[in-house]
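entry_38.txt (compact mmCIF, C-alpha atoms and all ligand atoms) appears below.
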```
# COMPACT_ATOMS: atom_id res chain seq x y z
CA MET A 16 18.24 -65.72 -81.04
CA ARG A 17 19.92 -65.90 -77.69
CA THR A 18 22.66 -63.49 -78.78
CA ARG A 19 20.06 -60.80 -79.46
CA LEU A 20 18.73 -60.80 -75.93
CA PRO A 21 21.60 -58.91 -74.28
CA LEU A 22 21.43 -56.23 -77.00
CA LEU A 23 17.67 -55.82 -76.48
CA ALA A 24 18.19 -55.66 -72.70
CA LEU A 25 20.92 -53.09 -73.19
CA LEU A 26 18.72 -50.92 -75.43
CA LEU A 27 15.88 -51.09 -72.91
CA ALA A 28 18.25 -50.19 -70.09
CA VAL A 29 19.67 -47.23 -72.01
CA SER A 30 16.22 -45.85 -72.87
CA PHE A 31 15.09 -46.24 -69.26
CA LEU A 32 18.26 -44.54 -68.03
CA SER A 33 17.91 -41.55 -70.30
CA ALA A 34 14.21 -41.16 -69.41
CA SER A 35 15.00 -41.21 -65.67
CA ALA A 36 18.00 -38.90 -65.98
CA GLN A 37 15.96 -36.47 -68.04
CA HIS A 38 13.27 -36.51 -65.37
CA PHE A 39 15.80 -35.35 -62.74
CA SER A 40 17.25 -32.54 -64.84
CA SER A 41 13.80 -31.43 -66.07
CA PHE A 42 12.71 -30.55 -62.56
CA PHE A 43 15.86 -30.21 -60.44
CA ARG A 44 19.29 -28.67 -60.46
CA ASP A 45 22.36 -30.24 -58.90
CA SER A 46 21.85 -28.66 -55.47
CA THR A 47 20.00 -29.46 -52.26
CA LEU A 48 17.03 -27.69 -50.68
CA ARG A 49 17.07 -28.35 -46.95
CA LEU A 50 13.69 -27.98 -45.26
CA ASP A 51 13.58 -27.47 -41.50
CA TYR A 52 10.41 -28.26 -39.58
CA ILE A 53 9.14 -28.17 -36.03
CA LEU A 54 6.92 -31.12 -35.10
CA SER A 55 4.96 -30.58 -31.92
CA GLY A 56 2.07 -31.94 -29.94
CA ASN A 57 0.92 -34.74 -27.68
CA SER A 58 -0.93 -38.05 -27.99
CA GLU A 59 -4.10 -36.21 -29.05
CA LYS A 60 -2.93 -33.48 -31.41
CA THR A 61 0.06 -33.04 -33.72
CA GLU A 62 1.20 -29.90 -35.51
CA ILE A 63 3.72 -29.57 -38.34
CA THR A 64 5.30 -26.11 -38.69
CA PRO A 65 7.76 -25.25 -41.46
CA ASP A 66 10.91 -23.50 -40.26
CA GLU A 67 13.85 -22.16 -42.32
CA HIS A 68 14.88 -23.23 -45.85
CA HIS A 69 18.48 -23.65 -46.95
CA LEU A 70 20.38 -23.98 -50.24
CA LEU A 71 23.28 -26.46 -50.13
CA SER A 72 25.76 -27.23 -52.89
CA GLY A 73 25.34 -30.53 -54.77
CA TRP A 74 22.68 -33.25 -54.54
CA ALA A 75 23.93 -36.53 -53.08
CA GLY A 76 20.58 -38.32 -53.02
CA ARG A 77 19.07 -40.62 -55.60
CA ARG A 78 18.35 -39.41 -59.15
CA TYR A 79 16.15 -42.36 -60.09
CA HIS A 80 12.89 -43.75 -58.69
CA LEU A 81 12.22 -40.13 -57.75
CA ASP A 82 8.45 -40.42 -57.39
CA SER A 83 8.39 -43.74 -55.54
CA LEU A 84 9.11 -44.81 -51.96
CA ALA A 85 11.39 -47.70 -51.01
CA LEU A 86 9.29 -48.25 -47.90
CA ARG A 87 6.20 -46.60 -46.50
CA GLY A 88 7.80 -45.31 -43.30
CA ASN A 89 5.84 -43.59 -40.54
CA ALA A 90 6.03 -40.22 -42.33
CA GLN A 91 6.11 -39.24 -45.99
CA LEU A 92 7.20 -36.16 -47.91
CA TYR A 93 5.80 -35.50 -51.38
CA VAL A 94 7.03 -32.78 -53.77
CA HIS A 95 4.71 -31.70 -56.59
CA ASP A 96 5.65 -29.43 -59.48
CA GLU A 97 3.27 -26.49 -59.10
CA ALA A 98 2.71 -25.87 -62.80
CA SER A 99 1.90 -29.44 -63.86
CA GLY A 100 0.79 -30.92 -60.54
CA LYS A 101 3.12 -33.84 -61.22
CA LEU A 102 4.67 -35.74 -58.30
CA ILE A 103 8.40 -35.22 -58.82
CA TYR A 104 9.97 -36.47 -55.58
CA ALA A 105 8.93 -38.67 -52.66
CA PHE A 106 10.69 -39.57 -49.43
CA SER A 107 9.71 -41.48 -46.28
CA PHE A 108 11.22 -41.59 -42.81
CA ASN A 109 10.59 -42.20 -39.11
CA PRO A 110 10.65 -39.05 -36.95
CA LEU A 111 11.50 -39.36 -33.26
CA TYR A 112 8.45 -37.16 -32.60
CA LEU A 113 6.13 -40.05 -33.54
CA GLU A 114 7.75 -42.23 -30.89
CA TRP A 115 7.33 -39.45 -28.34
CA ARG A 116 3.59 -39.14 -28.95
CA GLN A 117 3.16 -42.81 -28.03
CA THR A 118 4.86 -42.47 -24.65
CA PRO A 119 2.77 -42.27 -21.46
CA LEU A 120 4.00 -38.72 -20.84
CA ALA A 121 2.47 -37.53 -24.13
CA LYS A 122 -0.97 -38.13 -22.63
CA THR A 123 -0.48 -35.08 -20.43
CA GLU A 124 2.44 -33.07 -21.89
CA ARG A 125 3.32 -31.38 -25.19
CA ARG A 126 6.81 -31.41 -26.72
CA THR A 127 8.49 -30.05 -29.86
CA TYR A 128 10.99 -31.87 -32.02
CA GLU A 129 13.23 -30.53 -34.78
CA GLU A 130 13.08 -32.27 -38.14
CA VAL A 131 15.27 -31.67 -41.19
CA LEU A 132 14.50 -33.05 -44.65
CA ARG A 133 16.46 -32.70 -47.87
CA ILE A 134 15.12 -32.63 -51.43
CA PRO A 135 16.82 -31.93 -54.77
CA TYR A 136 16.67 -28.18 -55.48
CA PRO A 137 13.65 -27.52 -57.74
CA LYS A 138 13.96 -25.37 -60.84
CA ALA A 139 10.41 -24.02 -60.54
CA PRO A 140 7.92 -23.49 -57.67
CA VAL A 141 6.81 -26.65 -55.88
CA ARG A 142 4.27 -27.72 -53.29
CA VAL A 143 5.83 -29.78 -50.51
CA GLU A 144 3.50 -31.96 -48.48
CA LEU A 145 4.56 -33.60 -45.22
CA VAL A 146 2.36 -36.35 -43.76
CA LEU A 147 2.80 -37.95 -40.32
CA CYS A 148 0.97 -41.22 -39.68
CA ASP A 149 -0.22 -43.05 -36.57
CA ALA A 150 0.39 -46.70 -35.66
CA GLU A 151 -2.55 -47.73 -37.89
CA GLN A 152 -0.77 -45.95 -40.78
CA ARG A 153 -3.50 -43.31 -40.95
CA PRO A 154 -2.51 -39.65 -41.43
CA LEU A 155 -2.60 -37.78 -38.12
CA ALA A 156 -1.16 -34.49 -39.40
CA GLU A 157 -0.53 -33.05 -42.86
CA GLN A 158 1.07 -29.79 -43.94
CA THR A 159 1.62 -28.34 -47.41
CA GLN A 160 3.87 -25.39 -48.18
CA ARG A 161 4.58 -23.62 -51.46
CA ILE A 162 8.27 -23.07 -52.11
CA ASP A 163 9.58 -20.73 -54.79
CA PRO A 164 13.21 -21.68 -55.48
CA ALA A 165 13.93 -18.00 -56.26
CA ASP A 166 12.85 -16.91 -52.74
CA ILE A 167 15.59 -14.57 -51.41
CA LEU A 168 15.02 -15.84 -47.86
CA ILE A 169 16.34 -19.31 -48.68
CA ARG A 170 19.61 -19.25 -46.75
CA ASP A 171 22.54 -19.82 -49.10
CA HIS A 172 25.32 -22.05 -47.72
CA THR A 173 27.08 -22.73 -51.03
CA GLY A 174 30.74 -21.82 -50.95
CA LYS A 175 30.86 -22.06 -47.14
CA PRO A 176 33.79 -24.08 -45.76
CA ALA A 177 33.04 -27.64 -44.70
CA LEU A 178 34.21 -29.15 -41.42
CA PRO A 179 37.42 -31.20 -41.76
CA HIS A 180 36.56 -34.65 -43.12
CA LYS A 181 38.21 -37.75 -44.55
CA TYR A 182 36.91 -40.38 -46.97
CA LEU A 183 37.20 -43.91 -45.57
CA VAL A 184 35.61 -45.48 -48.66
CA HIS A 185 35.52 -43.56 -51.93
CA SER A 186 33.87 -45.52 -54.71
CA GLY A 187 32.96 -42.69 -57.07
CA ASP A 188 31.00 -39.52 -57.64
CA SER A 189 28.28 -38.87 -55.05
CA LYS A 190 25.63 -38.92 -57.77
CA ASP A 191 26.45 -42.57 -58.53
CA CYS A 192 26.97 -43.84 -54.98
CA ILE A 193 25.22 -44.13 -51.63
CA ASP A 194 26.81 -41.42 -49.49
CA LEU A 195 27.24 -42.33 -45.86
CA ALA A 196 28.54 -39.70 -43.42
CA ILE A 197 29.95 -40.65 -40.01
CA LEU A 198 29.90 -37.81 -37.48
CA ALA A 199 31.72 -37.41 -34.17
CA GLU A 200 29.66 -36.79 -31.02
CA GLY A 201 31.31 -36.26 -27.64
CA TYR A 202 34.86 -36.27 -29.05
CA LYS A 203 36.95 -33.18 -28.27
CA ALA A 204 39.18 -31.78 -31.03
CA SER A 205 42.11 -33.53 -29.34
CA GLU A 206 40.30 -36.89 -29.55
CA MET A 207 39.81 -37.04 -33.32
CA ASP A 208 42.41 -39.81 -33.73
CA THR A 209 40.21 -41.97 -31.51
CA PHE A 210 37.13 -40.97 -33.53
CA LEU A 211 38.86 -41.89 -36.78
CA LYS A 212 39.74 -45.36 -35.42
CA ASP A 213 36.15 -45.82 -34.20
CA ALA A 214 34.77 -44.70 -37.60
CA GLU A 215 37.10 -47.05 -39.46
CA ALA A 216 36.06 -49.94 -37.22
CA ALA A 217 32.35 -49.17 -37.82
CA THR A 218 32.93 -49.04 -41.58
CA GLU A 219 34.76 -52.37 -41.66
CA ALA A 220 32.10 -53.96 -39.42
CA LEU A 221 29.30 -52.78 -41.68
CA PHE A 222 30.93 -54.07 -44.86
CA SER A 223 31.65 -57.43 -43.22
CA TYR A 224 27.89 -58.15 -43.28
CA GLU A 225 25.91 -59.12 -46.35
CA PRO A 226 24.36 -57.58 -48.34
CA PHE A 227 26.64 -54.59 -47.64
CA LYS A 228 29.78 -56.67 -48.25
CA SER A 229 28.98 -57.34 -51.90
CA HIS A 230 27.84 -53.72 -52.45
CA ARG A 231 30.84 -51.96 -50.89
CA GLN A 232 31.79 -50.54 -54.31
CA HIS A 233 28.48 -48.61 -54.38
CA PHE A 234 29.13 -46.72 -51.15
CA ASN A 235 31.11 -43.63 -50.22
CA VAL A 236 31.87 -43.29 -46.51
CA VAL A 237 33.14 -39.98 -45.13
CA ALA A 238 34.21 -39.33 -41.52
CA VAL A 239 33.32 -35.81 -40.38
CA PHE A 240 35.44 -34.39 -37.55
CA SER A 241 32.69 -32.54 -35.69
CA PRO A 242 34.28 -31.48 -32.37
CA SER A 243 32.61 -31.27 -28.96
CA GLU A 244 33.59 -28.94 -26.14
CA GLU A 245 33.63 -31.78 -23.65
CA SER A 246 34.26 -35.52 -23.85
CA GLY A 247 31.56 -38.20 -23.53
CA VAL A 248 27.79 -37.98 -23.97
CA ALA A 249 24.99 -37.25 -21.54
CA VAL A 250 23.81 -39.98 -19.17
CA PRO A 251 20.90 -38.28 -17.36
CA ARG A 252 20.39 -41.06 -14.78
CA GLU A 253 23.97 -40.39 -13.62
CA LYS A 254 23.58 -36.59 -13.87
CA ARG A 255 26.26 -36.47 -16.56
CA TRP A 256 25.60 -33.68 -19.10
CA PRO A 257 28.75 -32.85 -21.09
CA ARG A 258 28.56 -30.09 -23.73
CA THR A 259 28.64 -31.96 -27.02
CA ALA A 260 28.26 -31.20 -30.72
CA PHE A 261 24.74 -32.65 -31.04
CA SER A 262 23.50 -32.71 -27.41
CA SER A 263 22.66 -36.42 -27.55
CA HIS A 264 21.69 -38.32 -24.41
CA PHE A 265 20.80 -41.75 -23.09
CA ASP A 266 17.53 -42.38 -21.20
CA THR A 267 15.40 -41.17 -24.12
CA PHE A 268 11.78 -41.57 -23.00
CA TYR A 269 13.32 -42.85 -19.70
CA SER A 270 14.64 -45.97 -21.45
CA ASP A 271 18.26 -46.51 -20.23
CA ARG A 272 19.84 -47.66 -23.46
CA TYR A 273 18.00 -45.39 -25.83
CA LEU A 274 20.49 -42.81 -27.16
CA THR A 275 19.02 -40.01 -29.33
CA THR A 276 19.14 -36.27 -29.88
CA ARG A 277 16.48 -33.69 -30.67
CA GLN A 278 19.09 -31.25 -32.07
CA VAL A 279 18.72 -32.35 -35.66
CA LYS A 280 19.59 -28.91 -37.05
CA ALA A 281 23.00 -29.05 -35.36
CA ILE A 282 23.68 -32.38 -37.07
CA ASN A 283 22.74 -30.96 -40.45
CA ASN A 284 24.74 -27.76 -39.90
CA ALA A 285 27.84 -29.91 -39.31
CA LEU A 286 27.29 -31.52 -42.72
CA ILE A 287 27.21 -28.32 -44.79
CA GLY A 288 29.49 -28.75 -47.79
CA ILE A 289 29.79 -32.54 -47.39
CA PRO A 290 27.69 -34.83 -49.66
CA HIS A 291 25.54 -37.13 -47.52
CA GLU A 292 22.43 -39.32 -47.68
CA HIS A 293 22.65 -41.51 -44.58
CA LEU A 294 24.07 -40.59 -41.18
CA ILE A 295 25.95 -42.55 -38.55
CA ILE A 296 26.75 -40.59 -35.39
CA LEU A 297 29.37 -42.15 -33.15
CA ALA A 298 29.03 -41.25 -29.49
CA ASN A 299 32.21 -41.28 -27.44
CA SER A 300 30.88 -43.27 -24.49
CA GLU A 301 31.45 -46.53 -22.66
CA VAL A 302 27.74 -46.74 -21.82
CA TYR A 303 25.92 -49.46 -23.77
CA GLY A 304 23.24 -48.30 -26.16
CA GLY A 305 22.14 -46.60 -29.32
CA GLY A 306 19.20 -45.64 -31.46
CA GLY A 307 18.34 -45.54 -35.14
CA MET A 308 15.40 -44.09 -37.06
CA TYR A 309 14.62 -44.92 -40.66
CA ASN A 310 16.05 -42.36 -43.10
CA SER A 311 16.93 -40.09 -40.22
CA TYR A 312 20.11 -40.96 -38.28
CA LEU A 313 21.64 -43.54 -36.04
CA LEU A 314 23.53 -42.94 -32.82
CA SER A 315 25.75 -45.61 -31.33
CA SER A 316 28.15 -45.46 -28.41
CA THR A 317 31.63 -46.65 -29.29
CA HIS A 318 33.48 -47.88 -26.22
CA HIS A 319 31.67 -50.94 -24.92
CA LYS A 320 32.10 -54.55 -26.01
CA TRP A 321 29.03 -54.67 -28.26
CA TYR A 322 29.92 -51.48 -30.18
CA LEU A 323 30.31 -53.04 -33.63
CA PRO A 324 27.25 -55.33 -33.59
CA VAL A 325 25.13 -52.44 -32.24
CA VAL A 326 26.22 -49.99 -34.93
CA VAL A 327 25.31 -52.56 -37.62
CA HIS A 328 21.97 -53.26 -35.89
CA GLU A 329 21.14 -49.54 -35.75
CA PHE A 330 22.09 -49.18 -39.41
CA GLY A 331 19.47 -51.87 -40.08
CA HIS A 332 16.95 -49.41 -38.61
CA SER A 333 18.23 -46.15 -40.11
CA PHE A 334 19.16 -47.39 -43.58
CA GLY A 335 17.00 -50.46 -44.11
CA GLY A 336 13.84 -49.50 -42.23
CA LEU A 337 14.05 -52.82 -40.35
CA THR A 338 12.31 -53.15 -37.02
CA ASP A 339 13.65 -54.90 -33.92
CA GLU A 340 13.07 -58.62 -33.92
CA TYR A 341 13.33 -58.89 -30.15
CA PHE A 342 10.30 -58.99 -27.93
CA HIS A 343 11.27 -59.19 -24.28
CA GLU A 344 12.13 -55.58 -23.62
CA GLY A 345 9.12 -54.65 -21.51
CA ASP A 346 9.49 -51.15 -22.96
CA LEU A 347 6.04 -49.59 -22.83
CA ALA A 348 6.93 -46.81 -25.25
CA ALA A 349 8.00 -49.26 -27.90
CA ALA A 350 5.31 -51.85 -27.22
CA SER A 351 2.55 -49.81 -28.78
CA GLU A 352 4.52 -48.91 -31.92
CA HIS A 353 2.78 -51.50 -34.11
CA ALA A 354 -0.95 -51.84 -34.46
CA MET A 355 -2.16 -55.40 -34.95
CA THR A 356 -4.92 -54.25 -37.29
CA VAL A 357 -2.58 -53.50 -40.23
CA GLU A 358 0.44 -55.26 -41.70
CA PRO A 359 3.65 -53.54 -40.53
CA TRP A 360 5.44 -51.81 -43.42
CA GLU A 361 8.76 -53.04 -42.03
CA GLN A 362 9.87 -55.98 -44.14
CA ASN A 363 11.31 -58.22 -41.39
CA VAL A 364 8.17 -58.90 -39.32
CA THR A 365 4.59 -59.86 -40.18
CA ASN A 366 1.32 -60.17 -38.29
CA LEU A 367 -0.04 -62.11 -41.31
CA LYS A 368 -2.51 -59.36 -42.29
CA ASP A 369 -0.72 -59.13 -45.64
CA PHE A 370 2.31 -61.37 -45.68
CA SER A 371 2.64 -61.55 -49.49
CA GLY A 372 5.64 -59.70 -50.85
CA LYS A 373 7.71 -60.25 -47.70
CA TRP A 374 9.64 -63.52 -47.30
CA SER A 375 6.85 -66.02 -48.04
CA HIS A 376 8.62 -67.17 -51.22
CA LEU A 377 11.73 -68.09 -49.20
CA ILE A 378 9.86 -70.59 -46.98
CA LYS A 379 10.45 -74.17 -48.09
CA LYS A 380 7.45 -76.39 -48.73
CA GLY A 381 6.58 -78.51 -45.71
CA THR A 382 7.80 -75.96 -43.15
CA PRO A 383 5.41 -75.93 -40.18
CA LEU A 384 3.74 -72.51 -39.81
CA PRO A 385 4.09 -71.03 -37.29
CA THR A 386 7.50 -72.65 -36.96
CA PRO A 387 8.34 -74.05 -33.51
CA ALA A 388 11.55 -72.64 -31.97
CA LYS A 389 12.92 -76.16 -31.45
CA LEU A 390 12.97 -76.69 -35.24
CA GLN A 391 15.17 -73.62 -35.91
CA LYS A 392 18.04 -75.73 -37.29
CA LYS A 393 15.83 -77.79 -39.62
CA TYR A 394 13.93 -74.77 -40.94
CA PRO A 395 16.19 -71.68 -41.21
CA VAL A 396 13.31 -69.69 -42.77
CA GLY A 397 9.74 -69.87 -41.52
CA LEU A 398 7.40 -67.97 -39.26
CA TYR A 399 8.88 -67.75 -35.77
CA GLU A 400 6.53 -66.11 -33.30
CA GLY A 401 7.67 -62.92 -31.52
CA GLY A 402 9.10 -59.70 -32.90
CA ALA A 403 8.79 -55.93 -32.82
CA TYR A 404 8.48 -56.08 -28.98
CA LEU A 405 5.45 -58.37 -29.19
CA THR A 406 5.51 -61.95 -27.93
CA LYS A 407 2.26 -62.97 -29.66
CA GLY A 408 0.79 -62.45 -33.10
CA MET A 409 3.94 -61.02 -34.68
CA TYR A 410 6.31 -63.28 -36.60
CA ARG A 411 9.90 -63.10 -37.87
CA ALA A 412 11.64 -65.12 -40.58
CA SER A 413 14.39 -66.85 -38.62
CA TYR A 414 14.94 -67.82 -35.05
CA ASN A 415 17.83 -65.40 -34.81
CA CYS A 416 19.07 -62.32 -36.66
CA ARG A 417 21.33 -59.27 -36.31
CA MET A 418 18.09 -57.39 -35.61
CA ARG A 419 17.44 -59.64 -32.59
CA THR A 420 20.64 -60.47 -30.71
CA ASN A 421 24.15 -58.98 -30.64
CA ASP A 422 25.96 -62.29 -31.04
CA THR A 423 24.20 -63.30 -34.29
CA PRO A 424 26.73 -63.12 -37.11
CA ASP A 425 24.26 -62.35 -39.93
CA PHE A 426 21.07 -60.62 -40.93
CA CYS A 427 18.29 -63.20 -41.43
CA PRO A 428 17.12 -63.95 -45.02
CA ALA A 429 14.16 -61.52 -44.68
CA CYS A 430 16.43 -58.68 -43.57
CA HIS A 431 18.98 -59.59 -46.22
CA LEU A 432 16.30 -59.40 -48.91
CA ALA A 433 14.91 -56.10 -47.59
CA LEU A 434 18.34 -54.45 -47.34
CA GLY A 435 19.16 -55.53 -50.90
CA LYS A 436 15.98 -53.87 -52.18
CA VAL A 437 16.83 -50.62 -50.37
CA ILE A 438 20.35 -50.64 -51.81
CA ASP A 439 18.93 -51.14 -55.34
CA TYR A 440 16.46 -48.30 -54.82
CA HIS A 441 19.32 -45.87 -54.15
CA LEU A 442 21.35 -46.79 -57.22
CA PRO A 443 21.05 -46.11 -60.94
CA PRO A 444 19.29 -49.08 -62.60
CA ARG A 445 22.51 -50.20 -64.35
CA LYS A 446 24.18 -50.83 -60.97
CA LYS A 447 21.71 -53.50 -59.87
ZN ZN A 501 16.08 -60.25 -39.61
```
Would you mind giving the structure from this file in structure tokens?
Ligand SMILES: [Zn+2]
Amino acid sequence: MRTRLPLLALLLAVSFLSASAQHFSSFFRDSTLRLDYILSGNSEKTEITPDEHHLLSGWAGRRYHLDSLALRGNAQLYVHDEASGKLIYAFSFNPLYLEWRQTPLAKTERRTYEEVLRIPYPKAPVRVELVLCDAEQRPLAEQTQRIDPADILIRDHTGKPALPHKYLVHSGDSKDCIDLAILAEGYKASEMDTFLKDAEAATEALFSYEPFKSHRQHFNVVAVFSPSEESGVAVPREKRWPRTAFSSHFDTFYSDRYLTTRQVKAINNALIGIPHEHLIILANSEVYGGGGMYNSYLLSSTHHKWYLPVVVHEFGHSFGGLTDEYFHEGDLAAASEHAMTVEPWEQNVTNLKDFSGKWSHLIKKGTPLPTPAKLQKKYPVGLYEGGAYLTKGMYRASYNCRMRTNDTPDFCPACHLALGKVIDYHLPPRKK
């Protein structure tokens, strides 16, 4: 009987594959619909305004698990087929706007932020719903737009030349792989050799960590030579404002190390003609810092001693939806990011509101809970208090982790587990 099991498993896998593949081609063609938005408001009121739509060649995103989310995220996009009402695509992410609205300045001032989202190009009219949520995971703004794929005002970029680029890892067709694009920020055209070395170092650093190491063959990594007029990136506290490809800057929300950009359209324009799902932006700077937002982008400066650990840490945010496990920052903007009334959706911290499904099954029987810091060697997995900028009431799985300190060589078991699930979610079922 045992010999029959693999055959049965194979038949089930094949039928599941064909059903999923059919689902993609029933509703989508092999192209990308890029949706630009403007998110604006303050701590009281948020508005979502659709901006331009774009047609891009090819679809590099997932073709399976189309109607499910890997993680809840702070914002969700849902695409419904207009004729049947069926949910045909879902996506979640963390917009920088939602961090802005929790800053002290948002109590008195309004700001706008660009957002760009990509969906597979629908064959028939769809309704696209964008939902932004507050710290309690309640919707604070929703917007639905009808999109007819035949609309003549959808800007057509197919056949346009792509920026020069080079594959650093090429494992296969973009439809079968996770497509990671590495962009240059603050590198002049004459500095692209330096950018290439920095991009290669980031790639090797990333694939030296599990679970990325054992999944290298499921990734494509492409370096995109996006040139800047001037070298370096903006450091506002030092009055340095070079003209760069994506106008990134440190001191985001007046936090020294926080490196972000609001020019998300410029980033996406640089990627026209290049298959991509996840973005790493390397900033040519010796200033320490970075930033990463789930399913959005990460920025990391390249010329300080912690470059490689930081880029991997930020990829934990932007790819894996992991939150910071440190809790001594004193950063007011970040401190209010998590409400204690609901379980965080991030998989590497818990406030014990709903711990099941996280790393509870990895905790050995007899482990004291919460787990005292002095027992970190005896109990590698437990409930260590402190995480997500909070010293009390929030717990992490291990005493240390790549999401906590730069000199930790690994992701903790909770992060490892969460990253593995996200990798699986991106891949065809047969690649698990
Ligand atoms: Zn961790």
*By how many Å are CA of Leu390 in chain A and CA of Gln362 in chain A apart?*
22.8 Å
*Can you list, as JSON, numbers by chain, every protein, DNA or RNA residue that comes within 7 Å of Arg142 in chain A when you count only C-alpha atoms, leaving out same-chain residues fewer than 4 positions away?*
{"A": [94, 95, 96, 97, 159, 160, 161, 162]}
*Name the residues within 6 Å of (11.0, -51.1, -41.7), counting all atoms listed in the file in the file's coordinates, and put them as a list in words.*
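Result, sorted by chain then residue number: Gly336, Leu337, Thr338, Trp360, Glu361 and Gln362 of chain A.
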Only C-alpha atoms, please: the residues just picked out, written as a PDB file, keeping the file's coordinate frame.
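The file below, part07.pdb, is the result:
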```pdb
ATOM      1  CA  GLY A 336      13.840 -49.500 -42.230  1.00  0.00           C
ATOM      2  CA  LEU A 337      14.050 -52.820 -40.350  1.00  0.00           C
ATOM      3  CA  THR A 338      12.310 -53.150 -37.020  1.00  0.00           C
ATOM      4  CA  TRP A 360       5.440 -51.810 -43.420  1.00  0.00           C
ATOM      5  CA  GLU A 361       8.760 -53.040 -42.030  1.00  0.00           C
ATOM      6  CA  GLN A 362       9.870 -55.980 -44.140  1.00  0.00           C
TER       7      GLN A 362
END
```
Give me, as a Markdown table, the closest atom pair and its distance (Å, one decimal) for every residue of chain A within a cut-off of 7 Å of ligand ZN 501 (chain A), counting all atoms listed in the file, rows sorted by chain and rising number.
```
| residue | atom | partner | partner_atom | distance |
| --- | --- | --- | --- | --- |
| A:Glu340 | CA | A:ZN501 | ZN | 6.6 |
| A:Asn363 | CA | A:ZN501 | ZN | 5.5 |
| A:Ala412 | CA | A:ZN501 | ZN | 6.7 |
| A:Ser413 | CA | A:ZN501 | ZN | 6.9 |
| A:Cys416 | CA | A:ZN501 | ZN | 4.7 |
| A:Arg417 | CA | A:ZN501 | ZN | 6.3 |
| A:Met418 | CA | A:ZN501 | ZN | 5.3 |
| A:Phe426 | CA | A:ZN501 | ZN | 5.2 |
| A:Cys427 | CA | A:ZN501 | ZN | 4.1 |
| A:Pro428 | CA | A:ZN501 | ZN | 6.6 |
| A:Ala429 | CA | A:ZN501 | ZN | 5.6 |
| A:Cys430 | CA | A:ZN501 | ZN | 4.3 |
```
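If only C-alpha atoms are the atoms counted, then among A:Ile289, A:Ala214, A:Leu313, A:Ala150 the closest residue to Leu274 in chain A is A:Leu313.
For the atom pair formed by CA of Thr275 in chain A and CA of Lys254 in chain A, the distance is 16.5 Å, given to one decimal.
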*For CA of Leu81 in chain A and CA of Glu157 in chain A, quote the distance in Å rounded to one decimal.*
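Here the two named atoms are 20.8 Å from each other.
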*Compile the contact shell of Thr356 in chain A as a ChimeraX atom specification: residues with an atom at most 9 Å away, counting all atoms listed in the file, same-chain residues fewer than 4 positions apart removed.*
/A:151,366,368
*asked:* Counting only C-alpha atoms, which residue out of A:His293, A:Arg116, A:Lys122, A:His328 sits closest to Leu221 in chain A?
replied: A:His328
Selection near Tyr112 in chain A, 8 Å with all atoms listed in the file, sequence-local residues under 3 positions removed, as a tab-separated table (two decimals) with C-alpha atoms, in the frame of the given file:
```tsv
chain	number	residue	atom	x	y	z
A	54	LEU	CA	6.92	-31.12	-35.10
A	55	SER	CA	4.96	-30.58	-31.92
A	115	TRP	CA	7.33	-39.45	-28.34
A	116	ARG	CA	3.59	-39.14	-28.95
A	127	THR	CA	8.49	-30.05	-29.86
A	128	TYR	CA	10.99	-31.87	-32.02
```
*When distances are computed from only C-alpha atoms, which of A:Val248, A:Leu70, A:Leu367, A:Met308 shows the smallest separation from Phe108 in chain A?*
A:Met308
*asked:* For Gly76 in chain A, find every residue with an atom within 9 Å (counting all atoms listed in the file), except residues of its own chain fewer than 3 positions away, and show them as a list in words.
replied: Thr47, Arg133, Ile134, Pro135, Ser189, Lys190, Cys192, Ile193, Asp194, Pro290, His291, Glu292 and His441 of chain A
*Name the closest residue to Leu178 in chain A among the candidates A:Ala249, A:Leu198, A:Leu398, A:Leu84; distances are taken between atoms, counting only C-alpha atoms.*
A:Leu198
*Rank A:Leu434, A:Ala354, A:Leu294, A:Leu405 by their smallest atom-to-atom distance to Asn310 in chain A, using all atoms listed in the file, and report the top residue only.*
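With all atoms listed in the file as the atom set, the closest residue is A:Leu294.
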Report, as AutoDock Vina command-line options, the centre and edge lengths in Å (one decimal) of the axis-aligned box enclosing every listed atom of range 421-426 of chain A, padded by 5 Å on each side.
```
--center_x 23.9 --center_y -61.1 --center_z -35.8 --size_x 15.7 --size_y 14.3 --size_z 20.3
```
